[in-house]
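One file, upload.tsv, carrying TSV, C-alpha atoms:
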chain	number	residue	atom	x	y	z
A	1	MET	CA	-23.80	-18.24	76.35
A	2	ALA	CA	-22.04	-21.57	76.10
A	3	GLY	CA	-18.26	-21.60	76.28
A	4	PRO	CA	-15.95	-22.85	73.52
A	5	THR	CA	-15.28	-26.52	72.90
A	6	PRO	CA	-12.36	-28.33	71.28
A	7	ARG	CA	-14.24	-27.95	67.95
A	8	TRP	CA	-14.89	-24.19	68.06
A	9	THR	CA	-13.69	-21.07	69.81
A	10	HIS	CA	-16.67	-18.95	68.82
A	11	ARG	CA	-20.05	-19.80	67.41
A	12	PRO	CA	-22.33	-18.22	64.80
A	13	ASP	CA	-24.35	-15.25	66.00
A	14	GLY	CA	-27.71	-16.37	67.32
A	15	SER	CA	-26.80	-20.06	67.37
A	16	THR	CA	-27.42	-22.62	70.10
A	17	TRP	CA	-24.02	-24.28	69.78
A	18	GLY	CA	-23.04	-25.66	73.16
A	19	ASP	CA	-26.30	-24.72	74.87
A	20	PHE	CA	-27.28	-28.38	75.21
A	21	GLY	CA	-23.77	-29.59	75.97
A	22	PRO	CA	-20.43	-29.56	74.15
A	23	ASP	CA	-21.13	-32.80	72.27
A	24	ASP	CA	-24.85	-32.35	71.65
A	25	GLN	CA	-26.30	-33.84	68.47
A	26	LEU	CA	-30.03	-33.29	69.12
A	27	GLY	CA	-30.33	-29.51	69.11
A	28	ARG	CA	-33.76	-28.25	70.09
A	29	LEU	CA	-35.12	-31.78	70.11
A	30	ASN	CA	-33.73	-31.66	73.65
A	31	LEU	CA	-36.85	-29.60	74.44
A	32	LEU	CA	-39.02	-32.69	73.91
A	33	THR	CA	-38.88	-33.48	77.61
A	34	PRO	CA	-41.17	-35.98	79.37
A	35	ASP	CA	-43.35	-33.06	80.47
A	36	ARG	CA	-43.68	-31.88	76.86
A	37	VAL	CA	-44.59	-35.38	75.70
A	38	ARG	CA	-47.24	-35.64	78.42
A	39	GLU	CA	-48.70	-32.35	77.19
A	40	ALA	CA	-48.77	-33.80	73.69
A	41	VAL	CA	-50.48	-36.99	74.83
A	42	ALA	CA	-53.14	-34.84	76.52
A	43	GLU	CA	-54.15	-33.61	73.05
A	44	VAL	CA	-55.41	-37.11	72.19
A	45	ARG	CA	-59.17	-37.01	72.71
A	46	GLU	CA	-60.66	-39.01	69.83
A	47	ASP	CA	-58.03	-41.78	69.49
A	48	LEU	CA	-58.03	-41.03	65.76
A	49	ALA	CA	-54.75	-41.39	63.85
A	50	PHE	CA	-53.65	-39.78	60.59
A	51	GLY	CA	-50.78	-41.07	58.46
A	52	LEU	CA	-48.73	-38.09	57.28
A	53	SER	CA	-46.52	-39.64	54.60
A	54	LEU	CA	-46.76	-39.72	50.84
A	55	PRO	CA	-46.18	-43.04	49.10
A	56	LEU	CA	-42.41	-43.46	48.90
A	57	ASP	CA	-42.45	-43.42	45.08
A	58	PHE	CA	-43.90	-39.88	45.03
A	59	PRO	CA	-43.32	-37.24	43.70
A	60	GLY	CA	-42.20	-39.40	40.76
A	61	GLY	CA	-39.27	-38.97	38.40
A	62	ALA	CA	-36.41	-36.66	39.32
A	63	LYS	CA	-37.85	-33.28	38.36
A	64	LEU	CA	-38.03	-31.80	41.86
A	65	ASN	CA	-34.38	-32.65	42.46
A	66	ALA	CA	-32.18	-34.17	39.76
A	67	ARG	CA	-30.00	-35.90	42.40
A	68	ARG	CA	-32.91	-37.79	43.93
A	69	LYS	CA	-34.32	-40.79	42.11
A	70	PRO	CA	-37.44	-42.88	42.82
A	71	PRO	CA	-37.02	-46.12	44.77
A	72	VAL	CA	-36.25	-49.28	42.81
A	73	LEU	CA	-37.64	-52.57	44.13
A	74	ARG	CA	-36.21	-55.93	43.17
A	75	PRO	CA	-36.14	-59.42	44.67
A	76	THR	CA	-33.39	-60.67	46.90
A	77	ASP	CA	-31.63	-63.66	45.46
A	78	LEU	CA	-29.96	-66.86	46.57
A	79	ARG	CA	-27.28	-68.27	44.30
A	80	GLY	CA	-28.77	-66.34	41.38
A	81	MET	CA	-32.39	-67.30	42.13
A	82	PRO	CA	-34.71	-64.28	42.58
A	83	PHE	CA	-36.81	-64.84	45.68
A	84	MET	CA	-40.23	-63.80	44.40
A	85	ASN	CA	-43.07	-66.36	44.43
A	86	VAL	CA	-40.57	-69.07	45.30
A	87	GLY	CA	-42.08	-72.37	46.41
A	88	LEU	CA	-39.96	-73.94	49.12
A	89	LYS	CA	-40.94	-77.38	47.92
A	90	GLN	CA	-38.10	-77.12	45.41
A	91	PHE	CA	-35.78	-77.35	48.41
A	92	ASP	CA	-37.85	-79.95	50.23
A	93	PRO	CA	-40.98	-81.55	48.71
A	94	ARG	CA	-42.68	-81.54	52.13
A	95	TYR	CA	-42.85	-77.72	52.27
A	96	THR	CA	-45.92	-75.77	51.15
A	97	ASP	CA	-44.55	-72.24	51.74
A	98	VAL	CA	-44.35	-69.67	48.92
A	99	ILE	CA	-41.84	-66.89	49.67
A	100	CYS	CA	-41.43	-63.29	48.48
A	101	ASP	CA	-38.42	-61.31	49.69
A	102	ASP	CA	-37.33	-57.98	48.22
A	103	GLN	CA	-34.84	-55.14	48.55
A	104	VAL	CA	-34.84	-51.47	47.60
A	105	THR	CA	-32.44	-48.88	46.26
A	106	LEU	CA	-33.68	-45.76	47.99
A	107	THR	CA	-32.78	-42.09	47.90
A	108	LEU	CA	-33.30	-41.22	51.53
A	109	GLN	CA	-34.70	-37.71	50.95
A	110	TYR	CA	-36.82	-38.49	47.90
A	111	SER	CA	-40.29	-38.37	49.46
A	112	THR	CA	-41.63	-37.62	52.98
A	113	GLN	CA	-38.44	-37.00	54.93
A	114	TRP	CA	-36.43	-35.57	57.79
A	115	ASP	CA	-33.26	-33.53	57.26
A	116	SER	CA	-30.56	-34.22	59.82
A	117	PHE	CA	-28.12	-31.55	61.00
A	118	ALA	CA	-25.49	-33.13	58.74
A	119	HIS	CA	-27.63	-32.27	55.70
A	120	VAL	CA	-26.65	-28.57	55.57
A	121	GLY	CA	-23.58	-26.93	57.05
A	122	ALA	CA	-21.68	-23.75	56.19
A	123	TRP	CA	-18.29	-22.22	55.62
A	124	PHE	CA	-17.67	-20.62	59.02
A	125	ASP	CA	-14.60	-19.53	60.95
A	126	ALA	CA	-15.15	-21.71	64.01
A	127	ASP	CA	-11.45	-21.57	64.94
A	128	GLY	CA	-11.36	-17.78	65.04
A	129	ASP	CA	-8.20	-17.78	62.93
A	130	GLY	CA	-9.65	-15.75	60.09
A	131	GLU	CA	-10.06	-18.74	57.77
A	132	PRO	CA	-13.50	-20.35	57.41
A	133	GLU	CA	-13.87	-24.13	57.37
A	134	LYS	CA	-16.72	-26.49	56.48
A	135	VAL	CA	-18.66	-27.07	59.69
A	136	TYR	CA	-22.04	-28.29	60.81
A	137	TYR	CA	-24.24	-27.81	63.87
A	138	ASN	CA	-22.30	-27.51	67.14
A	139	GLY	CA	-19.02	-27.18	65.26
A	140	TYR	CA	-18.79	-30.73	63.92
A	141	ARG	CA	-16.41	-30.85	60.97
A	142	ALA	CA	-16.57	-31.93	57.39
A	143	HIS	CA	-14.07	-34.72	56.61
A	144	GLU	CA	-13.66	-35.45	60.34
A	145	ASP	CA	-17.21	-35.97	61.60
A	146	VAL	CA	-19.15	-36.01	58.31
A	147	LEU	CA	-17.34	-38.19	55.80
A	148	GLY	CA	-17.51	-38.49	52.04
A	149	PRO	CA	-15.47	-39.96	49.18
A	150	GLY	CA	-11.75	-39.53	49.72
A	151	ASP	CA	-11.90	-39.25	53.52
A	152	LEU	CA	-9.51	-41.73	55.11
A	153	LYS	CA	-11.78	-42.42	58.09
A	154	LEU	CA	-14.26	-44.11	55.74
A	155	ALA	CA	-12.15	-47.26	55.76
A	156	ALA	CA	-13.12	-47.93	59.38
A	157	CYS	CA	-16.83	-47.18	58.85
A	158	PRO	CA	-19.58	-49.73	58.18
A	159	CYS	CA	-20.00	-48.22	54.71
A	160	GLY	CA	-16.61	-49.62	53.76
A	161	ALA	CA	-14.01	-48.20	51.44
A	162	ASP	CA	-13.71	-45.01	49.43
A	163	GLY	CA	-16.74	-43.88	47.49
A	164	GLY	CA	-19.11	-44.12	50.41
A	165	SER	CA	-20.35	-41.61	52.95
A	166	TYR	CA	-20.95	-41.68	56.68
A	167	ALA	CA	-21.88	-39.10	59.31
A	168	LEU	CA	-19.90	-40.15	62.38
A	169	ARG	CA	-21.69	-37.31	64.18
A	170	LEU	CA	-25.08	-35.70	63.53
A	171	GLY	CA	-26.41	-38.74	61.64
A	172	ILE	CA	-30.15	-39.25	61.33
A	173	GLU	CA	-30.04	-42.17	63.77
A	174	ASN	CA	-29.89	-39.68	66.64
A	175	PHE	CA	-33.48	-38.66	65.89
A	176	ALA	CA	-34.55	-42.31	66.10
A	177	ALA	CA	-32.57	-43.42	69.16
A	178	ARG	CA	-34.39	-40.70	71.09
A	179	PRO	CA	-37.58	-40.81	69.02
A	180	ILE	CA	-39.16	-37.59	67.80
A	181	GLN	CA	-42.48	-37.38	69.61
A	182	GLY	CA	-44.21	-34.27	70.89
A	183	ARG	CA	-47.00	-31.79	70.41
A	184	GLY	CA	-47.63	-30.91	66.80
A	185	VAL	CA	-49.15	-27.51	66.05
A	186	LEU	CA	-50.61	-27.16	62.58
A	187	VAL	CA	-50.76	-23.82	60.79
A	188	ASP	CA	-53.10	-24.04	57.81
A	189	LEU	CA	-51.45	-21.70	55.31
A	190	HIS	CA	-53.45	-23.27	52.50
A	191	ALA	CA	-56.75	-22.20	54.06
A	192	HIS	CA	-55.64	-18.56	53.71
A	193	ILE	CA	-53.50	-18.65	50.57
A	194	GLY	CA	-54.83	-21.54	48.49
A	195	ASP	CA	-52.74	-22.95	45.66
A	196	ARG	CA	-51.15	-19.67	44.57
A	197	ARG	CA	-47.47	-19.02	45.18
A	198	GLU	CA	-46.70	-16.73	48.10
A	199	LEU	CA	-43.55	-16.12	50.09
A	200	VAL	CA	-44.65	-16.11	53.71
A	201	GLY	CA	-42.64	-13.87	55.96
A	202	HIS	CA	-43.01	-12.96	59.61
A	203	GLU	CA	-45.84	-10.46	59.21
A	204	ARG	CA	-47.98	-12.79	57.12
A	205	LEU	CA	-47.34	-15.78	59.37
A	206	MET	CA	-48.25	-13.81	62.50
A	207	ALA	CA	-51.47	-12.62	60.87
A	208	ILE	CA	-52.49	-16.19	60.03
A	209	LEU	CA	-51.65	-17.42	63.54
A	210	ALA	CA	-53.80	-14.64	65.00
A	211	ALA	CA	-56.69	-15.23	62.59
A	212	ASP	CA	-56.86	-18.92	63.45
A	213	GLY	CA	-56.13	-18.55	67.16
A	214	VAL	CA	-52.97	-20.65	66.93
A	215	THR	CA	-50.41	-20.40	69.71
A	216	VAL	CA	-46.94	-21.90	69.64
A	217	ALA	CA	-44.90	-22.80	72.72
A	218	PRO	CA	-41.27	-23.82	73.23
A	219	GLY	CA	-40.79	-27.49	72.37
A	220	ASP	CA	-43.70	-27.59	69.91
A	221	LEU	CA	-43.31	-29.22	66.51
A	222	LEU	CA	-44.49	-26.63	63.98
A	223	VAL	CA	-46.42	-28.20	61.08
A	224	LEU	CA	-47.22	-26.07	58.02
A	225	HIS	CA	-49.97	-27.13	55.59
A	226	THR	CA	-49.52	-25.47	52.19
A	227	GLY	CA	-51.39	-27.87	49.88
A	228	PHE	CA	-48.26	-28.62	47.83
A	229	ALA	CA	-48.28	-32.36	48.58
A	230	GLY	CA	-51.91	-32.52	47.46
A	231	LEU	CA	-50.91	-31.17	44.06
A	232	VAL	CA	-48.02	-33.65	43.87
A	233	LEU	CA	-50.32	-36.54	44.76
A	234	GLY	CA	-52.78	-35.51	42.07
A	235	MET	CA	-50.05	-35.56	39.42
A	236	ASN	CA	-49.67	-39.33	39.85
A	237	ARG	CA	-45.87	-39.59	39.75
A	238	ASP	CA	-45.52	-37.17	36.80
A	239	PRO	CA	-44.88	-33.79	38.43
A	240	ASP	CA	-45.64	-30.73	36.33
A	241	MET	CA	-42.89	-28.35	37.34
A	242	ALA	CA	-44.49	-25.42	35.51
A	243	VAL	CA	-47.31	-25.73	38.03
A	244	LEU	CA	-45.31	-26.73	41.12
A	245	ASP	CA	-42.68	-24.01	40.73
A	246	ASN	CA	-45.43	-21.42	41.02
A	247	ALA	CA	-47.70	-23.10	43.56
A	248	CYS	CA	-48.53	-22.75	47.24
A	249	ALA	CA	-47.01	-21.01	50.22
A	250	VAL	CA	-43.31	-21.21	51.05
A	251	LEU	CA	-41.47	-19.59	53.92
A	252	ASP	CA	-39.36	-16.55	53.07
A	253	GLY	CA	-35.94	-17.57	54.31
A	254	ARG	CA	-34.57	-14.08	53.58
A	255	ASP	CA	-36.89	-12.45	56.12
A	256	PRO	CA	-34.75	-11.76	59.22
A	257	LYS	CA	-37.85	-11.23	61.36
A	258	LEU	CA	-39.11	-14.70	60.45
A	259	LEU	CA	-35.75	-16.26	61.32
A	260	GLN	CA	-35.72	-14.38	64.62
A	261	TRP	CA	-39.24	-15.63	65.39
A	262	ILE	CA	-38.07	-19.21	64.81
A	263	THR	CA	-35.30	-18.53	67.32
A	264	ASP	CA	-37.53	-16.83	69.89
A	265	SER	CA	-40.46	-19.26	69.63
A	266	GLY	CA	-38.40	-22.21	70.86
A	267	ILE	CA	-40.01	-24.60	68.37
A	268	ALA	CA	-38.24	-27.96	68.24
A	269	ALA	CA	-38.79	-28.72	64.54
A	270	ILE	CA	-40.53	-27.46	61.38
A	271	CYS	CA	-42.49	-29.91	59.21
A	272	THR	CA	-44.13	-28.97	55.91
A	273	ASP	CA	-45.87	-30.62	52.98
A	274	ASN	CA	-43.80	-28.73	50.41
A	275	TYR	CA	-40.37	-29.13	48.91
A	276	ALA	CA	-37.58	-27.44	50.92
A	277	VAL	CA	-39.81	-25.64	53.48
A	278	GLU	CA	-38.48	-22.30	52.22
A	279	ALA	CA	-38.51	-20.66	48.80
A	280	PHE	CA	-35.81	-22.08	46.56
A	281	PRO	CA	-34.33	-20.23	44.86
A	282	ALA	CA	-34.58	-17.71	47.67
A	283	ARG	CA	-35.13	-14.01	47.08
A	284	GLU	CA	-32.06	-12.17	45.87
A	285	PRO	CA	-29.85	-11.35	48.87
A	286	GLU	CA	-29.10	-7.79	49.92
A	287	SER	CA	-25.45	-8.69	50.41
A	288	THR	CA	-23.04	-11.56	49.81
A	289	PRO	CA	-21.59	-13.99	50.71
A	290	THR	CA	-24.80	-15.61	51.89
A	291	ALA	CA	-26.57	-18.96	52.06
A	292	ALA	CA	-28.56	-20.22	49.10
A	293	LEU	CA	-30.90	-21.82	51.66
A	294	PRO	CA	-30.99	-19.26	54.48
A	295	LEU	CA	-33.72	-20.95	56.51
A	296	HIS	CA	-31.92	-24.30	56.28
A	297	GLU	CA	-28.75	-22.60	57.48
A	298	HIS	CA	-30.61	-20.92	60.34
A	299	CYS	CA	-32.41	-24.08	61.48
A	300	LEU	CA	-30.05	-26.96	60.74
A	301	PHE	CA	-26.68	-25.23	61.11
A	302	LYS	CA	-27.28	-22.59	63.79
A	303	LEU	CA	-30.24	-23.64	65.95
A	304	GLY	CA	-30.42	-27.43	65.68
A	305	VAL	CA	-34.04	-27.41	64.45
A	306	PRO	CA	-34.80	-30.41	62.17
A	307	LEU	CA	-36.75	-29.84	58.97
A	308	GLY	CA	-39.37	-32.21	57.59
A	309	GLU	CA	-40.41	-31.96	53.94
A	310	LEU	CA	-43.07	-33.36	51.62
A	311	TRP	CA	-45.37	-34.56	54.39
A	312	TRP	CA	-48.99	-35.41	53.58
A	313	LEU	CA	-51.10	-33.03	55.67
A	314	GLY	CA	-54.35	-32.60	53.74
A	315	ASP	CA	-56.55	-35.00	55.71
A	316	LEU	CA	-55.22	-33.87	59.08
A	317	ALA	CA	-55.62	-30.17	58.23
A	318	ALA	CA	-59.22	-30.68	57.10
A	319	TRP	CA	-60.13	-32.59	60.27
A	320	LEU	CA	-58.49	-30.08	62.60
A	321	ARG	CA	-60.19	-27.12	60.91
A	322	ALA	CA	-63.58	-28.85	61.00
A	323	HIS	CA	-63.17	-29.47	64.73
A	324	GLY	CA	-61.70	-26.11	65.68
A	325	ARG	CA	-58.36	-27.58	66.74
A	326	HIS	CA	-54.74	-27.18	65.77
A	327	ARG	CA	-52.80	-29.31	68.30
A	328	PHE	CA	-52.18	-33.07	68.30
A	329	LEU	CA	-49.74	-35.77	69.31
A	330	LEU	CA	-47.07	-36.16	66.64
A	331	THR	CA	-44.90	-39.28	66.47
A	332	ALA	CA	-42.25	-39.13	63.75
A	333	PRO	CA	-38.99	-41.04	64.26
A	334	PRO	CA	-36.87	-41.55	61.13
A	335	MET	CA	-35.25	-44.81	60.11
A	336	ARG	CA	-32.48	-45.73	62.52
A	337	LEU	CA	-29.83	-45.85	59.81
A	338	PRO	CA	-26.44	-44.95	61.30
A	339	GLY	CA	-24.39	-42.50	59.29
A	340	ALA	CA	-27.20	-41.20	57.05
A	341	VAL	CA	-27.82	-37.47	56.66
A	342	GLY	CA	-31.56	-37.80	55.96
A	343	SER	CA	-34.33	-40.36	56.14
A	344	PRO	CA	-37.80	-41.25	54.98
A	345	VAL	CA	-40.35	-40.89	57.76
A	346	THR	CA	-43.85	-42.18	58.29
A	347	PRO	CA	-45.26	-39.61	60.72
A	348	VAL	CA	-48.45	-40.26	62.64
A	349	ALA	CA	-50.72	-37.56	64.07
A	350	THR	CA	-53.08	-38.71	66.82
A	351	VAL	CA	-56.01	-36.50	67.79

Any chance you could give the structure as structure tokens?
Amino acid sequence: MAGPTPRWTHRPDGSTWGDFGPDDQLGRLNLLTPDRVREAVAEVREDLAFGLSLPLDFPGGAKLNARRKPPVLRPTDLRGMPFMNVGLKQFDPRYTDVICDDQVTLTLQYSTQWDSFAHVGAWFDADGDGEPEKVYYNGYRAHEDVLGPGDLKLAACPCGADGGSYALRLGIENFAARPIQGRGVLVDLHAHIGDRRELVGHERLMAILAADGVTVAPGDLLVLHTGFAGLVLGMNRDPDMAVLDNACAVLDGRDPKLLQWITDSGIAAICTDNYAVEAFPAREPESTPTAALPLHEHCLFKLGVPLGELWWLGDLAAWLRAHGRHRFLLTAPPMRLPGAVGSPVTPVATV
């Protein structure tokens, strides 16, 4: 077990805090070693690539999450002139160029996304003084390492003055500076469950792995196809929540055996095509206080296992099943946006 650091004197039970170094910000992405990447590259036999992202304006509206709004595109401007279909001859009659240049207001976790470790933390007594504090993976602190409105350190950040936010540690840029690339292993939950709602715990997941002959090794990127993104895509930016709230497989974050399997398996990340990976709201807890998102707490806060959500997996899952395969090279770095706690991602699976 790792020893204490200046940020914590004891760590959550079952966590990896300190295992990859006192100042680690990559968690189990550290398992994506050159040897693991070479193993992933060896899965490329057909040189066929699959894009695994939804269009960035899906799911549409703000019904899945009222905080998250669709992207808004508009032209850049110069001295009040919108730069869309601008002929440069107005600046110099010799020029024949016509220019379009735009910008976007983007909610970073609206569509196909990665969660960083700064996305979900917990109240935890990292000091051992009997009083819990707001902390994130590896003991990084709210208001010191992860900043929001009112935090004095914001003034020195690129985001500027009060009202902004900035993760000085655990920002999403860490997953881009050392790009996420490794062996993806797809588990086709949809092939066994279809579009009906089912909470998938350890027993059910193990049965599906056995039925399909799927094996998972430390450092693998676990990819779960539920069919949820296919329903979202078919709703054409007008999600029907009466359908989606009762559709497709979701992991049962309250199942302690499932959480222990995530720990023991050594997987480096979990990527799904649904919203939140786990059931939300989760099953009623047996005791409180507890996390509303227990799998998020287990993966992001304790283990350092990134979570990907709302990926498009339908085409890849169909091809893999038709060819009797479940492994592939997965390349999925987020945007390198310093200070952000999540990011859109355009993953690519190569078979």

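The nearest approach to Val185 (chain A) among the residues A:Val72, A:Leu329, A:Ala282, A:Met206, with all atoms listed in the file taken into account, belongs to A:Leu329.
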
* Point out the residue among A:Pro93, A:Pro132, A:Gly139, A:Pro289 with the least atom-to-atom distance to Thr9 (chain A), counting only C-alpha atoms. => A:Gly139

* For CA of Thr33 (chain A) and CA of Val223 (chain A), quote the distance in Å rounded to one decimal. => 18.9 Å

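The closest residue to Leu222 (chain A), picked from A:Leu73, A:Ile267, A:Leu300, A:Leu168 and counting only C-alpha atoms, is A:Ile267.
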
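CA of His119 (chain A) to CA of Thr5 (chain A) spans 21.9 Å [interatomic distance, one decimal].
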
For a cut-off of 10 Å around (-38.3, -39.6, 52.9), file coordinates, pick out all residues using all atoms listed in the file and list them as a PDB file with C-alpha atoms, in the frame of the given file.
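Saved result, out_7.pdb, follows:
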ATOM      1  CA  SER A  53     -46.520 -39.640  54.600  1.00  0.00           C
ATOM      2  CA  LEU A  54     -46.760 -39.720  50.840  1.00  0.00           C
ATOM      3  CA  PRO A  55     -46.180 -43.040  49.100  1.00  0.00           C
ATOM      4  CA  LEU A  56     -42.410 -43.460  48.900  1.00  0.00           C
ATOM      5  CA  ASP A  57     -42.450 -43.420  45.080  1.00  0.00           C
ATOM      6  CA  PHE A  58     -43.900 -39.880  45.030  1.00  0.00           C
ATOM      7  CA  LEU A 106     -33.680 -45.760  47.990  1.00  0.00           C
ATOM      8  CA  THR A 107     -32.780 -42.090  47.900  1.00  0.00           C
ATOM      9  CA  LEU A 108     -33.300 -41.220  51.530  1.00  0.00           C
ATOM     10  CA  GLN A 109     -34.700 -37.710  50.950  1.00  0.00           C
ATOM     11  CA  TYR A 110     -36.820 -38.490  47.900  1.00  0.00           C
ATOM     12  CA  SER A 111     -40.290 -38.370  49.460  1.00  0.00           C
ATOM     13  CA  THR A 112     -41.630 -37.620  52.980  1.00  0.00           C
ATOM     14  CA  GLN A 113     -38.440 -37.000  54.930  1.00  0.00           C
ATOM     15  CA  TRP A 114     -36.430 -35.570  57.790  1.00  0.00           C
ATOM     16  CA  ASP A 115     -33.260 -33.530  57.260  1.00  0.00           C
ATOM     17  CA  GLY A 308     -39.370 -32.210  57.590  1.00  0.00           C
ATOM     18  CA  GLU A 309     -40.410 -31.960  53.940  1.00  0.00           C
ATOM     19  CA  LEU A 310     -43.070 -33.360  51.620  1.00  0.00           C
ATOM     20  CA  TRP A 311     -45.370 -34.560  54.390  1.00  0.00           C
ATOM     21  CA  PRO A 334     -36.870 -41.550  61.130  1.00  0.00           C
ATOM     22  CA  MET A 335     -35.250 -44.810  60.110  1.00  0.00           C
ATOM     23  CA  GLY A 342     -31.560 -37.800  55.960  1.00  0.00           C
ATOM     24  CA  SER A 343     -34.330 -40.360  56.140  1.00  0.00           C
ATOM     25  CA  PRO A 344     -37.800 -41.250  54.980  1.00  0.00           C
ATOM     26  CA  VAL A 345     -40.350 -40.890  57.760  1.00  0.00           C
ATOM     27  CA  THR A 346     -43.850 -42.180  58.290  1.00  0.00           C
TER      28      THR A 346
END

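Among the candidates A:Gly121, A:His298, A:Gly234, A:Leu147, the residue lying nearest to Glu133 (chain A) is A:Gly121 (atoms considered: all atoms listed in the file).
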
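Using all atoms listed in the file, the smallest distance between any of A:Pro6, A:Gly61, A:Pro158, A:Gly18 and Leu337 (chain A) comes from A:Pro158.
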
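With distances taken over all atoms listed in the file, A:Tyr140 is the one residue among A:Tyr140, A:Leu152, A:Gly194, A:Gly253 lying closest to Asp24 (chain A).
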
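Atom to atom, CA of Phe20 (chain A) and CA of Gly304 (chain A) stand 10.1 Å apart.
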
Local residues around (-50.6, -44.2, 63.5), at most 9 Å away, using only C-alpha atoms, as an mmCIF file with C-alpha atoms, keeping the file's coordinate frame:
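Produced file selection-v9.cif, reproduced below:
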data_model
loop_
_atom_site.group_PDB
_atom_site.id
_atom_site.type_symbol
_atom_site.label_atom_id
_atom_site.label_comp_id
_atom_site.auth_asym_id
_atom_site.auth_seq_id
_atom_site.Cartn_x
_atom_site.Cartn_y
_atom_site.Cartn_z
ATOM 1 C CA LEU A 48 -58.030 -41.030 65.760
ATOM 2 C CA ALA A 49 -54.750 -41.390 63.850
ATOM 3 C CA PHE A 50 -53.650 -39.780 60.590
ATOM 4 C CA GLY A 51 -50.780 -41.070 58.460
ATOM 5 C CA LEU A 52 -48.730 -38.090 57.280
ATOM 6 C CA THR A 331 -44.900 -39.280 66.470
ATOM 7 C CA THR A 346 -43.850 -42.180 58.290
ATOM 8 C CA PRO A 347 -45.260 -39.610 60.720
ATOM 9 C CA VAL A 348 -48.450 -40.260 62.640
ATOM 10 C CA ALA A 349 -50.720 -37.560 64.070
ATOM 11 C CA THR A 350 -53.080 -38.710 66.820
#
